[in-house]
Amino acid sequence: MISTLLSRTRRGADGDPVPRLAYGADYNPEQWPRDVWEEDVRLMREAGVNIVSVGIFSWARVQPGADQWDFGWLDEVMDLLHEGGIGVDLATATASPPPWLSTAHPEILPVTADGETLWPGARQHWRPTSPVFREHALRLVRAMATRYADHPALVAWHVSNELGCHNVYDYSDDAARAFRDWLRARYTTLDALNHAWGTAFWSQRYGDWEQILPPRLAASHPNPTQQLDFKRFSSHALKEYLRAEREILREITPDVPVTTNFMVMGGTKGMDYADWAEEVDFVANDHYVVPGPQDRDELSFSANLTSGIAGGRPWFLMEHSTSAVNWQPVNLAKRPGELARDALVHVAHGADAVCFFQWRQSAAGAEKYHSAMVPHAGADSDVFRAVTALGATLKTLAPVAGTEREPARVGILYDWQSWWASEQDSHPTSLLDYRQEALDWYSALLALGVRADLVTTRADLGRYRVLIAPVLHVVPADLAKTLTRYAEQGGHLVTTYFSGIVDENDHVWLGGYPGALRELLGIRIEEFGPLPAAETVELDDGTTGALWTDQVTVTDPETQVLARYRTGAQAGRAAVTRRPTGPGSAAYVSTRLGVEGLTSLLPRLLEPAGVTSELPADARGPVELAVRRGPAGRFLFLVNRTDATVPVLGLAGEVLLGARDADGTLTLGPRDVAVLRQPAV
Amino acid sequence: MISTLLSRTRRGADGDPVPRLAYGADYNPEQWPRDVWEEDVRLMREAGVNIVSVGIFSWARVQPGADQWDFGWLDEVMDLLHEGGIGVDLATATASPPPWLSTAHPEILPVTADGETLWPGARQHWRPTSPVFREHALRLVRAMATRYADHPALVAWHVSNELGCHNVYDYSDDAARAFRDWLRARYTTLDALNHAWGTAFWSQRYGDWEQILPPRLAASHPNPTQQLDFKRFSSHALKEYLRAEREILREITPDVPVTTNFMVMGGTKGMDYADWAEEVDFVANDHYVVPGPQDRDELSFSANLTSGIAGGRPWFLMEHSTSAVNWQPVNLAKRPGELARDALVHVAHGADAVCFFQWRQSAAGAEKYHSAMVPHAGADSDVFRAVTALGATLKTLAPVAGTEREPARVGILYDWQSWWASEQDSHPTSLLDYRQEALDWYSALLALGVRADLVTTRADLGRYRVLIAPVLHVVPADLAKTLTRYAEQGGHLVTTYFSGIVDENDHVWLGGYPGALRELLGIRIEEFGPLPAAETVELDDGTTGALWTDQVTVTDPETQVLARYRTGAQAGRAAVTRRPTGPGSAAYVSTRLGVEGLTSLLPRLLEPAGVTSELPADARGPVELAVRRGPAGRFLFLVNRTDATVPVLGLAGEVLLGARDADGTLTLGPRDVAVLRQPAV
Amino acid sequence: MISTLLSRTRRGADGDPVPRLAYGADYNPEQWPRDVWEEDVRLMREAGVNIVSVGIFSWARVQPGADQWDFGWLDEVMDLLHEGGIGVDLATATASPPPWLSTAHPEILPVTADGETLWPGARQHWRPTSPVFREHALRLVRAMATRYADHPALVAWHVSNELGCHNVYDYSDDAARAFRDWLRARYTTLDALNHAWGTAFWSQRYGDWEQILPPRLAASHPNPTQQLDFKRFSSHALKEYLRAEREILREITPDVPVTTNFMVMGGTKGMDYADWAEEVDFVANDHYVVPGPQDRDELSFSANLTSGIAGGRPWFLMEHSTSAVNWQPVNLAKRPGELARDALVHVAHGADAVCFFQWRQSAAGAEKYHSAMVPHAGADSDVFRAVTALGATLKTLAPVAGTEREPARVGILYDWQSWWASEQDSHPTSLLDYRQEALDWYSALLALGVRADLVTTRADLGRYRVLIAPVLHVVPADLAKTLTRYAEQGGHLVTTYFSGIVDENDHVWLGGYPGALRELLGIRIEEFGPLPAAETVELDDGTTGALWTDQVTVTDPETQVLARYRTGAQAGRAAVTRRPTGPGSAAYVSTRLGVEGLTSLLPRLLEPAGVTSELPADARGPVELAVRRGPAGRFLFLVNRTDATVPVLGLAGEVLLGARDADGTLTLGPRDVAVLRQPAV
């Protein structure tokens with residue numbers, strides 16, 4: 001889909017062929033004088049840019065008053081871009097309501113759990129459930145779609161922007177009304193809701209739907225299922241809003257694909273993108289690196305997960321940065337090579353488009369210290385030179401466009417339900433970090449040179465020899481059945497502490513943990529053994545556990561104990577177990593081993609499944625491998641994860657990017673990415 | 001009183017004699033299907049349970065609408081329990097208002113100092129001073145009392161639950177009105193209030209009662225006496241609410257004793273239980289261990305203080321936990337032996353009832369990860385086996401029931417007024433911790449094997465040879481007189497830094513600190529010398545001071561200097577002094593010595609009073625001794641404070657719990673408790 | 001001006017000559033019984049007090065109701081003081097509105113950015129822009145001025161108190177209205193405002209003035225220019241209020257000087273005192289020491305900056321403390337000698353009055369643990385003895401009164417615009433501390449014994465051989481011109497990282513940093529290199545950088561590289577540069593070197609300007625030198641910065657304070673201050 005996006009645009013004046021990987025940025029010409037626009041298009045062409053997102057924050061400019069419209073400047077921008085051969089991913093411009101709207105209708109402003117209003121001044125100050133906001137926003141969508149339906153520059157629609165970045169949780173009366181509607185649809189009867197929420201406790205039994213509220217600031221921990229359902233509802237409410245915009249766009253321009261930019265990255269947790277993916281014509285994502293010990297693994301993890309959300313199909317990297325951002329406590333510039341490396345890791349994991357926020361670094365406003373393709377220093381700068389070099393590289397990689405990810409033999413299950421539920425309050429520990437645990441497994445697999453796919457519960461899990469499900473906390477009965485069937489049919493399931501504990505209503509499966517998976521795993525746990533922040537325990541295989549331990553009893557004589565606690569309250573008890581399930585197995589890791597511990601443990605978990613690295617021995621660890629394939633071939637992306645030079649020996653294939661030595665060795669400089677093409681299988 | 005509670009219930013079907021120590025839990029059958037109830041009663045009998053608290057969070061179930069009542073299920077529960085020989089401590093069910101009430105009357109919701117409303121979703125979302133809440137709650141109390149007045153299972157009334165746990169400080173307009181009424185009663189005239197509050201400062205002089213507000217969020221530190229009076233008022237308002245419920249219960253069931261569960265533990269500070277104790281027919285307490293270096297000392301301290309609040313008479317442990325709780329950052333399971341040890345420490349200090357929250361661990365709701373007598377794992381679990389064993393132990397200890405505490409020779413004065421006032425803002429240091437200082441003295445006495453009673457100012461202080469009054473900050477003129485008389489009549493008073501500083505209005509006693517006790521102590525202090533967090537000073541007796549020092553001048557030639565500062569700004573000055581007062585003395589400790597320093601200092605303070613340990617030498621420190629006595633004998637509780645085995649030699653008495661070796665040595669295993677009975681004196 | 005203040009008062013009964021340096025305190029007799037007042041006056045005379053500030057928090061006492069007035073007590077106080085020969089700096093009493101006013105008009109209460117109301121209970125609970133507050137406050141001012149216009153004790157007017165200490169930022173609807181008015185005056189047209197604020201970004205374009213709001217709590221970072229303008233407006237609004245009071249005072253008592261107490265100290269940042277200074281007849285300041293490694297340097301820095309704000313003319317130290325304060329986490333008492341030393345450092349930097357908060361330590365209220373001239377311990381105390389000694393010292397120093405500061409050869413530019421702008425959110429780093437950087441340069445100069453003047457942009461910069469402008473972030477075009485001219489005419493400009501970055505609208509100067517100063521400095525920076533909190537880099541001159549580095553390119557071949565980075569991302573690049581500008585130069589320090597690094601670097605920056613220390617070699621570092629001069633001579637203040645004894649050799653002059661040895665050496669004991677008089681030049 002994405003690779004064909006650009007075919008909608010006519011060729012540029014210079015007869016340049018339509019590129020196959022998209023390259024570009026958010027483009028906000030309204031921030032600049034008219035005379036800059038021509039230079040913009042010239043520099044875009046110089047850099048190889050073939051697509052830009054326009055209009056994202058243009059509501060106040062396009063519609064300066066309730067009944068005033070000003071499309072002239074945008075017409076001109078669209079024309080200029082088209083003349084330059086640059087396609088437009090056109091925003092519906094609804095991301096940030098203009099001052100006239102919030103002044104006339106302060107009832108669109110979100111309200112925090114504490115009852116504080118979020119005022120205008122920044123962006124995204126609208127309630128996802130506000131009927132007033134929706135009326136005005138959809139009117140704008142209709143106006144934009146009608147205006148540009150037939151513009152030749154238009155290649156895709158960009159609904160709003162980073163939906164939910166700041167306003168996913170709104171506790172207003174509008175939210176309360178919509179929450180009730182959602183609950184009514186989910187539960188049908190109040191009795192069912194009362195049961196699901198466990199309202200028999202703390203005298204919370206509802207006698208009327210109107211009594212139900214969002215989990216606003218309360219005297220103590222609010223009802224956990226109310227909290228969980230509010231998370232589900234809040235994600236759903238934004239998804240419904242996305243659908244509302246999309247329906248208008250489809251009505252007016254049925255042939256123009258619609259997307260919106262997800263934020264699969266770091267702590268962005270409020271939107272269940274696994275649930276959103278089918279609502280867009282292609283998945284788009286924003287990603288920003290947050291510096292830290294696993295920052296580059298996290299980039300790969302997020303790109304990989306985005307691919308999983310997109311079902312392995314190509315996706316669109318809508319935003320990342322050429323260098324520093326502006327919203328971290330300290331915003332580091334990228335080092336030489338990182339701009340290209342970061343972009344290509346996304347391509348390795350299925351991105352068919354590489355875009356930045358933004359084209360030209362703002363001179364004013366809240367993001368003026370956010371890097372861009374054209375920095376404050378101008379085109380005469382290392383950043384712009386690196387941008388231009390990347391544009392050339394992406395042209396070289398054109399054959400990759402449209403290929404899908406080649407499934408790995410290891411899957412890592414990532415589940416928003418478990419993410420949300422496992423980190424709620426009033427739990428055995430407040431220190432549990434769902435995403436970090438998943439990332440650690442991923443880092444350990446990278447360290448071993450073993451490819452793995454991040455997948456959601458919507459994926460065909462059966463295709464994986466090994467399925468790792470870290471902290472799979474929420475296990476409804478049917479998921480328990482699915483996983484049992486998976487293992488019985490030869491799959492090798494690996495799960496961890498605090499998995500299989502509750503059903504979809506956050507009710508504990510009784511009789512001993514992990515209730516839903518107890519029989520499959522062949523163990524029983526009477527009590528959790530969370531560890532204080534500074535405490536660790538040693539296992540008899542030399543690894544070290546943190547955060548959590550379990551009081552495990554092996555209940556099935558077949559269950560093997562792969563490691564035992566050597567210290568701590570569980571000393572002598574099983575720490576890691578595996579129960580054979582005929583051809584498959586079900587393993588349990590009852591503590592947090594961290595990257596190092598998991599790297600040590602994983603070979604023992606992969607071995608029965610026959611999974612080993614696809615890389616030459618010396619490259620396992622230093623090099624990340626990602627594989628895309630399609631009719632045009634099988635593309636191996638080799639990413640140097642280190643700051644040293646790494647030789648990769650003996651990998652066959654045509655070198656699309658990188659260089660082979662005389663003896664065939666592919667040598668990766670620090671932060672280099674190489675791409676090989678092998679014949680399609 | 002408590003030991004006779006259970007005689008109200010008829011014997012169970014099996015003819016089991018009525019036990020003398022009560023044993024049980026909160027029982028919330030409404031959380032479970034009907035078929036679980038029979039199993040509950042069966043397991044209760046198996047565990048030795050003879051009392052349960054029912055209905056604590058049943059308001060929404062018993063009264064599902066303003067004019068709807070549903071008692072049928074509760075009738076059935078009461079009948080089932082009675083058939084099983086289990087008495088009921090019946091809640092008035094007012095702890096948590098139902099959704100229909102807060103929806104119809106949001107004006108019952110508490111408001112924080114910042115003006116934020118505390119919404120429903122958790123529990124205790126009601127203003128202590130709301131007339132609307134009171135009307136509805138008291139209507140429920142009357143309905144409950146009327147319904148169950150003659151039920152044979154009813155043994156006691158349980159007013160609300162943990163009054164003030166989350167709602168003690170309410171800054172609403174209702175609170176403002178009630179605060180004014182309370183102030184009018186306290187001060188009679190505005191002039192008196194203006195004087196007491198020092199309103200001449202910062203232009204705060206009130207011209208009308210209606211101008212007075214709670215200390216809501218202000219631009220800077222609110223008036224300290226306003227703050228202190230608001231604390232007094234808030235505790236009083238809840239006490240008045242307790243009285244309102246009690247009056248109805250007494251009217252309808254004059255023979256059924258009334259209690260409510262206090263929370264003498266950790267940081268619970270808002271309710272002056274010394275002032276509340278006389279309002280209940282017997283004192284009941286909830287206690288939860290917060291892990292830390294002095295956690296078990298704190299348990300003993302809280303139990304001891306509860307005994308002090310109860311005037312040495314038996315009290316009722318209404319809640320504690322079998323294992324982990326759910327509200328700490330990390331919730332640790334109890335180690336083997338801790339369940340029984342923790343319970344028996346309470347019995348040692350006067351508990352005649354041992355109850356847990358709760359009977360059966362919830363599958364849903366905010367406390368589902370809080371342990372219970374029947375855990376998620378079910379009856380086939382270490383926890384339930386330990387519960388059953390404890391039931392048997394409590395039967396063995398039946399003779400203890402009804403005995404009172406035998407006064408120790410050392411008293412530690414614990415005073416809510418000083419606790420509140422000494423930790424207010426705009427003080428010499430914000431690091432002062434009143435309760436920790438008292439706990440440290442208690443730990444030091446435990447380390448020396450010297451018994452001490454926690455007492456309030458309502459106690460007969462004269463019965464103690466040594467009276468330790470740590471941080472006795474608020475000393476009204478009459479208390480100063482009491483303490484002076486105490487010392488002059490032979491008592492040995494010990495007090496510390498920041499004691500004797502202010503009167504009941506938080507006005508500084510002038511002329512040099514500690515004004516109210518300056519002459520008694522024979523010293524004068526011109527300036528306080530608080531220490532930064534990381535700073536300590538050395539004393540010439542080898543101890544180390546932290547937090548605070550004083551610029552002490554000895555003014556009475558009789559005053560002895562027990563230790564001097566060797567380092568710091570006060571180097572060379574007196575650090576610890578004692579002034580003989582004829583047969584008694586008055587000592588002053590001007591710094592925070594911590595447990596180790598106090599353990600080193602205390603023998604010198606105890607020696608003139610002739611106080612030594614009642615334990616054999618080897619047991620001093622490893623073993624805590626608590627003594628109860630009554631007509632049936634003198635009961636020595638010996639608690640092993642360590643994780644090692646401790647032999648106790650030469651203590652006479654019949655072994656009620658534990659075992660003597662052939663040579664008469666009583667050997668305490670790790671965390672063991674032994675009980676000896678000696679003849680009544 | 002100040003030195004002549006006291007000549008307004010008639011001589012005391014004892015015929016003592018009118019002193020020339022003022023000495024006194026805030027005096028709050030309304031806190032004390034009538035019989036204390038006589039003792040107060042007696043002790044004041046004993047201590048050498050000749051001026052007190054009265055009535056600061058007397059509104060509720062003077063005007064107990066909207067139409068009730070009670071001046072009798074104040075008449076009596078004024079009379080008593082006058083009889084004692086003590087002048088009165090009379091407050092307008094508007095600092096803290098009385099309960100009757102806030103009860104009748106809650107719409108005067110400030111509102112936080114979060115929408116929380118600041119209630120009465122403390123002080124300063126009024127909106128600077130409230131028309132209702134202003135009406136009532138100005139009515140009081142008129143009443144006070146009318147009443148005491150001709151009172152012989154009156155020597156000056158004290159407008160309000162610490163304007164803006166707690167209420168500088170108010171986000172109420174009153175504030176919104178006034179903000180709009182201020183913006184309309186600043187920008188005239190909405191187009192100009194939209195341009196200045198960069199509202200093209202994030203869809204913030206305003207279509208009507210009424211749409212504009214203060215930067216209330218928003219979903220993300222509010223518009224930075226909106227934030228910056230709100231800071232400007234808030235400072236301005238308070239200044240306007242100051243002017244409103246002043247106009248009434250000038251109208252009624254045209255001959256009585258008017259002041260208000262600034263708070264040039266620590267983190268007080270909201271009021272642009274450089275902009276306020278011309279509104280008062282003489283500058284007054286409050287200063288409190290916050291303990292820390294540079295606390296005494298900070299005292300000198302603040303006094304020096306106050307002098308700069310006052311244009312080098314004498315100023316009035318309105319408040320400082322005799323010992324501990326009450327609002328820090330831990331409030332340390334002053335050590336022996338510090339009371340006098342701290343006071344005299346202010347005098348060294350131009351204070352002609354030394355006053356304390358407060359005369360007599362309160363027994364009640366929020367500041368009762370704040371030290372005073374008469375402490376809780378009473379007059380028989382070390383503090384009062386030190387107070388009396390200081391009174392005598394100040395009499396000795398009478399000749400200093402009225403002299404001005406002798407300009408140093410080094411200036412340090414301190415600019416509120418840059419302070420505000422450089423520390424805003426969404427910047428390269430959140431760790432930048434404008435004041436700390438300036439203080440570090442000052443500390444380094446102290447360490448070298450080189451005198452420096454803190455100056456504002458209003459000063460005649462040309463008088464300085466070296467002008468250090470740390471983090472001069474905001475550089476409008478005309479300031480860039482001024483600095484360029486300064487360097488071209490022979491001045492030696494030194495500036496640092498993040499200087500010259502934006503114009504007055506917080507718009508980045510494009511083309512490479514530091515845009516506004518790029519040519520002057522002869523360098524160009526493409527990207528900032530902020531450092532994480534724990535990271536440092538080494539320079540090749542042995543110094544260490546923190547917080548920040550820059551990717552510097554030298555663009556002018558004349559530019560010299562004084563130091564290069566040896567480690568870090570910029571290794572090999574220039575770290576410190578200097579471009580000769582004919583007779584002058586322009587140097588750039590691209591990292592935070594700290595006191596030690598700057599002390600090492602500074603000699604190389606001072607050398608070309610020919611600036612060296614005026615102190616004897618051994619005294620450079622241990623001794624701070626400040627110089628005042630006037631017709632009566634040149635006064636050298638020598639402050640011992642250490643806790644050791646320091647000999648100062650070879651400085652000529654009459655010893656006003658201190659003592660010379662036989663060989664002429666002036667020996668300064670720990671914390672001593674000596675004063676020499678040399679003939680006027």
# chains A, B, ... in the order shown; residues from 1 in each chain; ligands from 1

call {"tool": "closest_atom_pairs", "arguments": {"of": "chain A", "to": "chain C", "cutoff": "7 Å", "atoms": "only C-alpha atoms", "output": "CSV"}}
result
residue,atom,partner,partner_atom,distance
A:Glu30,CA,C:Ala200,CA,6.0
A:Gln31,CA,C:Ala200,CA,5.3
A:Phe57,CA,C:Ser203,CA,4.8
A:Ser58,CA,C:Ser203,CA,5.4
A:Trp59,CA,C:Ser203,CA,5.7
A:Ala60,CA,C:Ser203,CA,4.9
A:Arg61,CA,C:Arg205,CA,6.9
A:Pro64,CA,C:Gly207,CA,6.6
A:Ser96,CA,C:Ser203,CA,5.9
A:Pro97,CA,C:Ser203,CA,6.8
A:Pro98,CA,C:Ser203,CA,5.7
A:Pro99,CA,C:Gln211,CA,5.8
A:Trp100,CA,C:Gln211,CA,6.5
A:Thr103,CA,C:Gln211,CA,5.8
A:Glu116,CA,C:Asp114,CA,6.3
A:Leu118,CA,C:Ala218,CA,4.6
A:Trp119,CA,C:Ala218,CA,4.8
A:Pro120,CA,C:Ala218,CA,5.9
A:Gly121,CA,C:Pro222,CA,4.6
A:Ala122,CA,C:Pro222,CA,4.3
A:Arg123,CA,C:Trp202,CA,5.9
A:Gln124,CA,C:Ala219,CA,6.6
A:His125,CA,C:Ala219,CA,6.1
A:His166,CA,C:Ala219,CA,5.6
A:Asn326,CA,C:Ser426,CA,4.9
A:Trp327,CA,C:Ser426,CA,5.1
A:Pro329,CA,C:Ser430,CA,5.2
A:Val330,CA,C:Thr429,CA,4.3
A:Asn331,CA,C:Pro428,CA,5.1
A:Leu332,CA,C:Pro530,CA,6.3
A:Ala333,CA,C:Gly529,CA,6.4
A:Ala363,CA,C:Val508,CA,4.8
A:Ala364,CA,C:His507,CA,4.8
A:Gly365,CA,C:Gly198,CA,5.5
A:Ala366,CA,C:Asn223,CA,5.5
A:Glu367,CA,C:Ser426,CA,6.9
A:Tyr369,CA,C:His427,CA,6.1
A:His376,CA,C:Leu510,CA,5.3
A:Ala377,CA,C:Gly512,CA,3.9
A:Gly378,CA,C:Gly511,CA,5.6
A:Ser381,CA,C:Glu526,CA,6.6

call {"tool": "select_by_dssp", "arguments": {"residues": "range 441-531 of chain A", "states": "helix (DSSP H, G or I)", "output": "ChimeraX atom specification"}}
result
/A:441-448,461-463,477-488,515-521

call {"tool": "select_by_dssp", "arguments": {"residues": "range 381-517 of chain C", "states": "strand (DSSP E)", "output": "list in words"}}
result
Glu404, Arg405, Val410, Gly411, Ile412, Leu413, Ala452, Asp453, Leu454, Val455, Val466, Leu467, Ile468, Ala469, His492, Leu493, Val494, Thr495 and Thr496 of chain C

call {"tool": "write_last_selection", "arguments": {"atoms": "N, CA, C and O atoms", "output": "mmCIF file, in the first residue's frame"}}
result
data_model
loop_
_atom_site.group_PDB
_atom_site.id
_atom_site.type_symbol
_atom_site.label_atom_id
_atom_site.label_comp_id
_atom_site.auth_asym_id
_atom_site.auth_seq_id
_atom_site.Cartn_x
_atom_site.Cartn_y
_atom_site.Cartn_z
ATOM 1 N N GLU C 404 28.978 56.137 47.689
ATOM 2 C CA GLU C 404 28.494 55.250 46.635
ATOM 3 C C GLU C 404 29.535 54.169 46.334
ATOM 4 O O GLU C 404 30.649 54.218 46.845
ATOM 5 N N ARG C 405 29.157 53.219 45.519
ATOM 6 C CA ARG C 405 30.148 52.180 45.243
ATOM 7 C C ARG C 405 31.140 52.694 44.209
ATOM 8 O O ARG C 405 30.772 53.409 43.271
ATOM 9 N N VAL C 410 35.625 45.084 36.515
ATOM 10 C CA VAL C 410 34.915 43.955 35.908
ATOM 11 C C VAL C 410 33.434 44.093 36.220
ATOM 12 O O VAL C 410 33.047 44.369 37.356
ATOM 13 N N GLY C 411 32.627 43.934 35.195
ATOM 14 C CA GLY C 411 31.178 43.909 35.411
ATOM 15 C C GLY C 411 30.626 42.527 35.083
ATOM 16 O O GLY C 411 31.147 41.829 34.205
ATOM 17 N N ILE C 412 29.601 42.153 35.802
ATOM 18 C CA ILE C 412 28.877 40.918 35.473
ATOM 19 C C ILE C 412 27.441 41.329 35.168
ATOM 20 O O ILE C 412 26.772 41.943 36.001
ATOM 21 N N LEU C 413 26.999 40.994 33.969
ATOM 22 C CA LEU C 413 25.680 41.439 33.532
ATOM 23 C C LEU C 413 24.613 40.471 34.026
ATOM 24 O O LEU C 413 24.717 39.263 33.802
ATOM 25 N N ALA C 452 34.271 42.861 41.350
ATOM 26 C CA ALA C 452 33.395 42.920 40.183
ATOM 27 C C ALA C 452 32.071 43.524 40.602
ATOM 28 O O ALA C 452 31.643 43.359 41.743
ATOM 29 N N ASP C 453 31.454 44.230 39.670
ATOM 30 C CA ASP C 453 30.133 44.803 39.931
ATOM 31 C C ASP C 453 29.063 44.000 39.204
ATOM 32 O O ASP C 453 29.169 43.787 37.991
ATOM 33 N N LEU C 454 28.042 43.613 39.936
ATOM 34 C CA LEU C 454 26.860 43.092 39.264
ATOM 35 C C LEU C 454 26.122 44.272 38.669
ATOM 36 O O LEU C 454 25.873 45.263 39.367
ATOM 37 N N VAL C 455 25.763 44.167 37.393
ATOM 38 C CA VAL C 455 25.063 45.287 36.741
ATOM 39 C C VAL C 455 23.919 44.757 35.889
ATOM 40 O O VAL C 455 23.895 43.593 35.503
ATOM 41 N N VAL C 466 36.239 44.685 31.602
ATOM 42 C CA VAL C 466 35.782 43.344 31.252
ATOM 43 C C VAL C 466 34.310 43.252 31.607
ATOM 44 O O VAL C 466 33.906 43.655 32.697
ATOM 45 N N LEU C 467 33.529 42.740 30.679
ATOM 46 C CA LEU C 467 32.110 42.551 30.938
ATOM 47 C C LEU C 467 31.772 41.080 30.737
ATOM 48 O O LEU C 467 31.908 40.554 29.628
ATOM 49 N N ILE C 468 31.376 40.464 31.819
ATOM 50 C CA ILE C 468 31.023 39.041 31.751
ATOM 51 C C ILE C 468 29.503 38.933 31.681
ATOM 52 O O ILE C 468 28.790 39.497 32.516
ATOM 53 N N ALA C 469 29.027 38.228 30.662
ATOM 54 C CA ALA C 469 27.585 38.104 30.463
ATOM 55 C C ALA C 469 27.222 36.628 30.397
ATOM 56 O O ALA C 469 27.085 36.051 29.331
ATOM 57 N N HIS C 492 36.238 44.150 26.862
ATOM 58 C CA HIS C 492 36.493 42.718 26.739
ATOM 59 C C HIS C 492 35.245 41.974 27.194
ATOM 60 O O HIS C 492 34.978 41.864 28.385
ATOM 61 N N LEU C 493 34.501 41.498 26.219
ATOM 62 C CA LEU C 493 33.252 40.802 26.515
ATOM 63 C C LEU C 493 33.528 39.317 26.692
ATOM 64 O O LEU C 493 34.278 38.717 25.923
ATOM 65 N N VAL C 494 32.910 38.753 27.711
ATOM 66 C CA VAL C 494 32.985 37.303 27.910
ATOM 67 C C VAL C 494 31.554 36.793 28.016
ATOM 68 O O VAL C 494 30.768 37.310 28.815
ATOM 69 N N THR C 495 31.216 35.809 27.205
ATOM 70 C CA THR C 495 29.877 35.249 27.342
ATOM 71 C C THR C 495 29.975 33.732 27.286
ATOM 72 O O THR C 495 31.067 33.170 27.169
ATOM 73 N N THR C 496 28.834 33.090 27.455
ATOM 74 C CA THR C 496 28.864 31.630 27.639
ATOM 75 C C THR C 496 27.836 30.937 26.762
ATOM 76 O O THR C 496 27.063 31.574 26.049
#

call {"tool": "closest_residue", "arguments": {"among": "C:Arg592, C:Arg341, C:Arg579, C:Arg385", "to": "Leu605 in chain C", "atoms": "only C-alpha atoms"}}
result
C:Arg579

call {"tool": "residues_around", "arguments": {"residues": "Gln63 in chain B", "least_positions_apart": "6", "cutoff": "10 Å", "atoms": "only C-alpha atoms", "output": "list of chain:residue names"}}
result
B:Trp69, B:Asp70, B:Phe71, B:Ala93, B:Pro98, B:Trp100, B:Leu140, B:Ala143

call {"tool": "write_last_selection", "arguments": {"atoms": "C-alpha atoms", "output": "tab-separated table (two decimals), in the first residue's frame"}}
result
chain	number	residue	atom	x	y	z
B	69	TRP	CA	-34.01	-2.58	52.02
B	70	ASP	CA	-32.66	-6.07	51.56
B	71	PHE	CA	-31.88	-7.83	54.80
B	93	ALA	CA	-22.45	-0.78	57.62
B	98	PRO	CA	-23.49	3.54	48.29
B	100	TRP	CA	-27.16	6.05	45.02
B	140	LEU	CA	-29.15	2.85	58.42
B	143	ALA	CA	-32.44	-0.07	60.74

call {"tool": "atom_distance", "arguments": {"atom1": "CA of Ala156 in chain A", "atom2": "CA of Gly55 in chain A"}}
result
12.5 Å

call {"tool": "residues_around", "arguments": {"residues": "Ala277 in chain B", "least_positions_apart": "4", "cutoff": "10 Å", "atoms": "only C-alpha atoms", "output": "list in words"}}
result
Lys239, Thr259, Thr260, Phe262, Asp272, Tyr273, Asp281, Phe282, Val283, Ala284, Thr306, Gly308, Ile309, Ala310 and Gly311 of chain B

call {"tool": "residues_around", "arguments": {"residues": "range 46-48 of chain C", "least_positions_apart": "3", "cutoff": "8 Å", "atoms": "only C-alpha atoms", "output": "PyMOL selection string"}}
result
chain C and resi 23+42-43+384+387-389+391-392

call {"tool": "closest_residue", "arguments": {"among": "A:Asp643, A:Asp672, A:Glu319, A:Glu558", "to": "Met373 in chain A", "atoms": "only C-alpha atoms"}}
result
A:Glu319
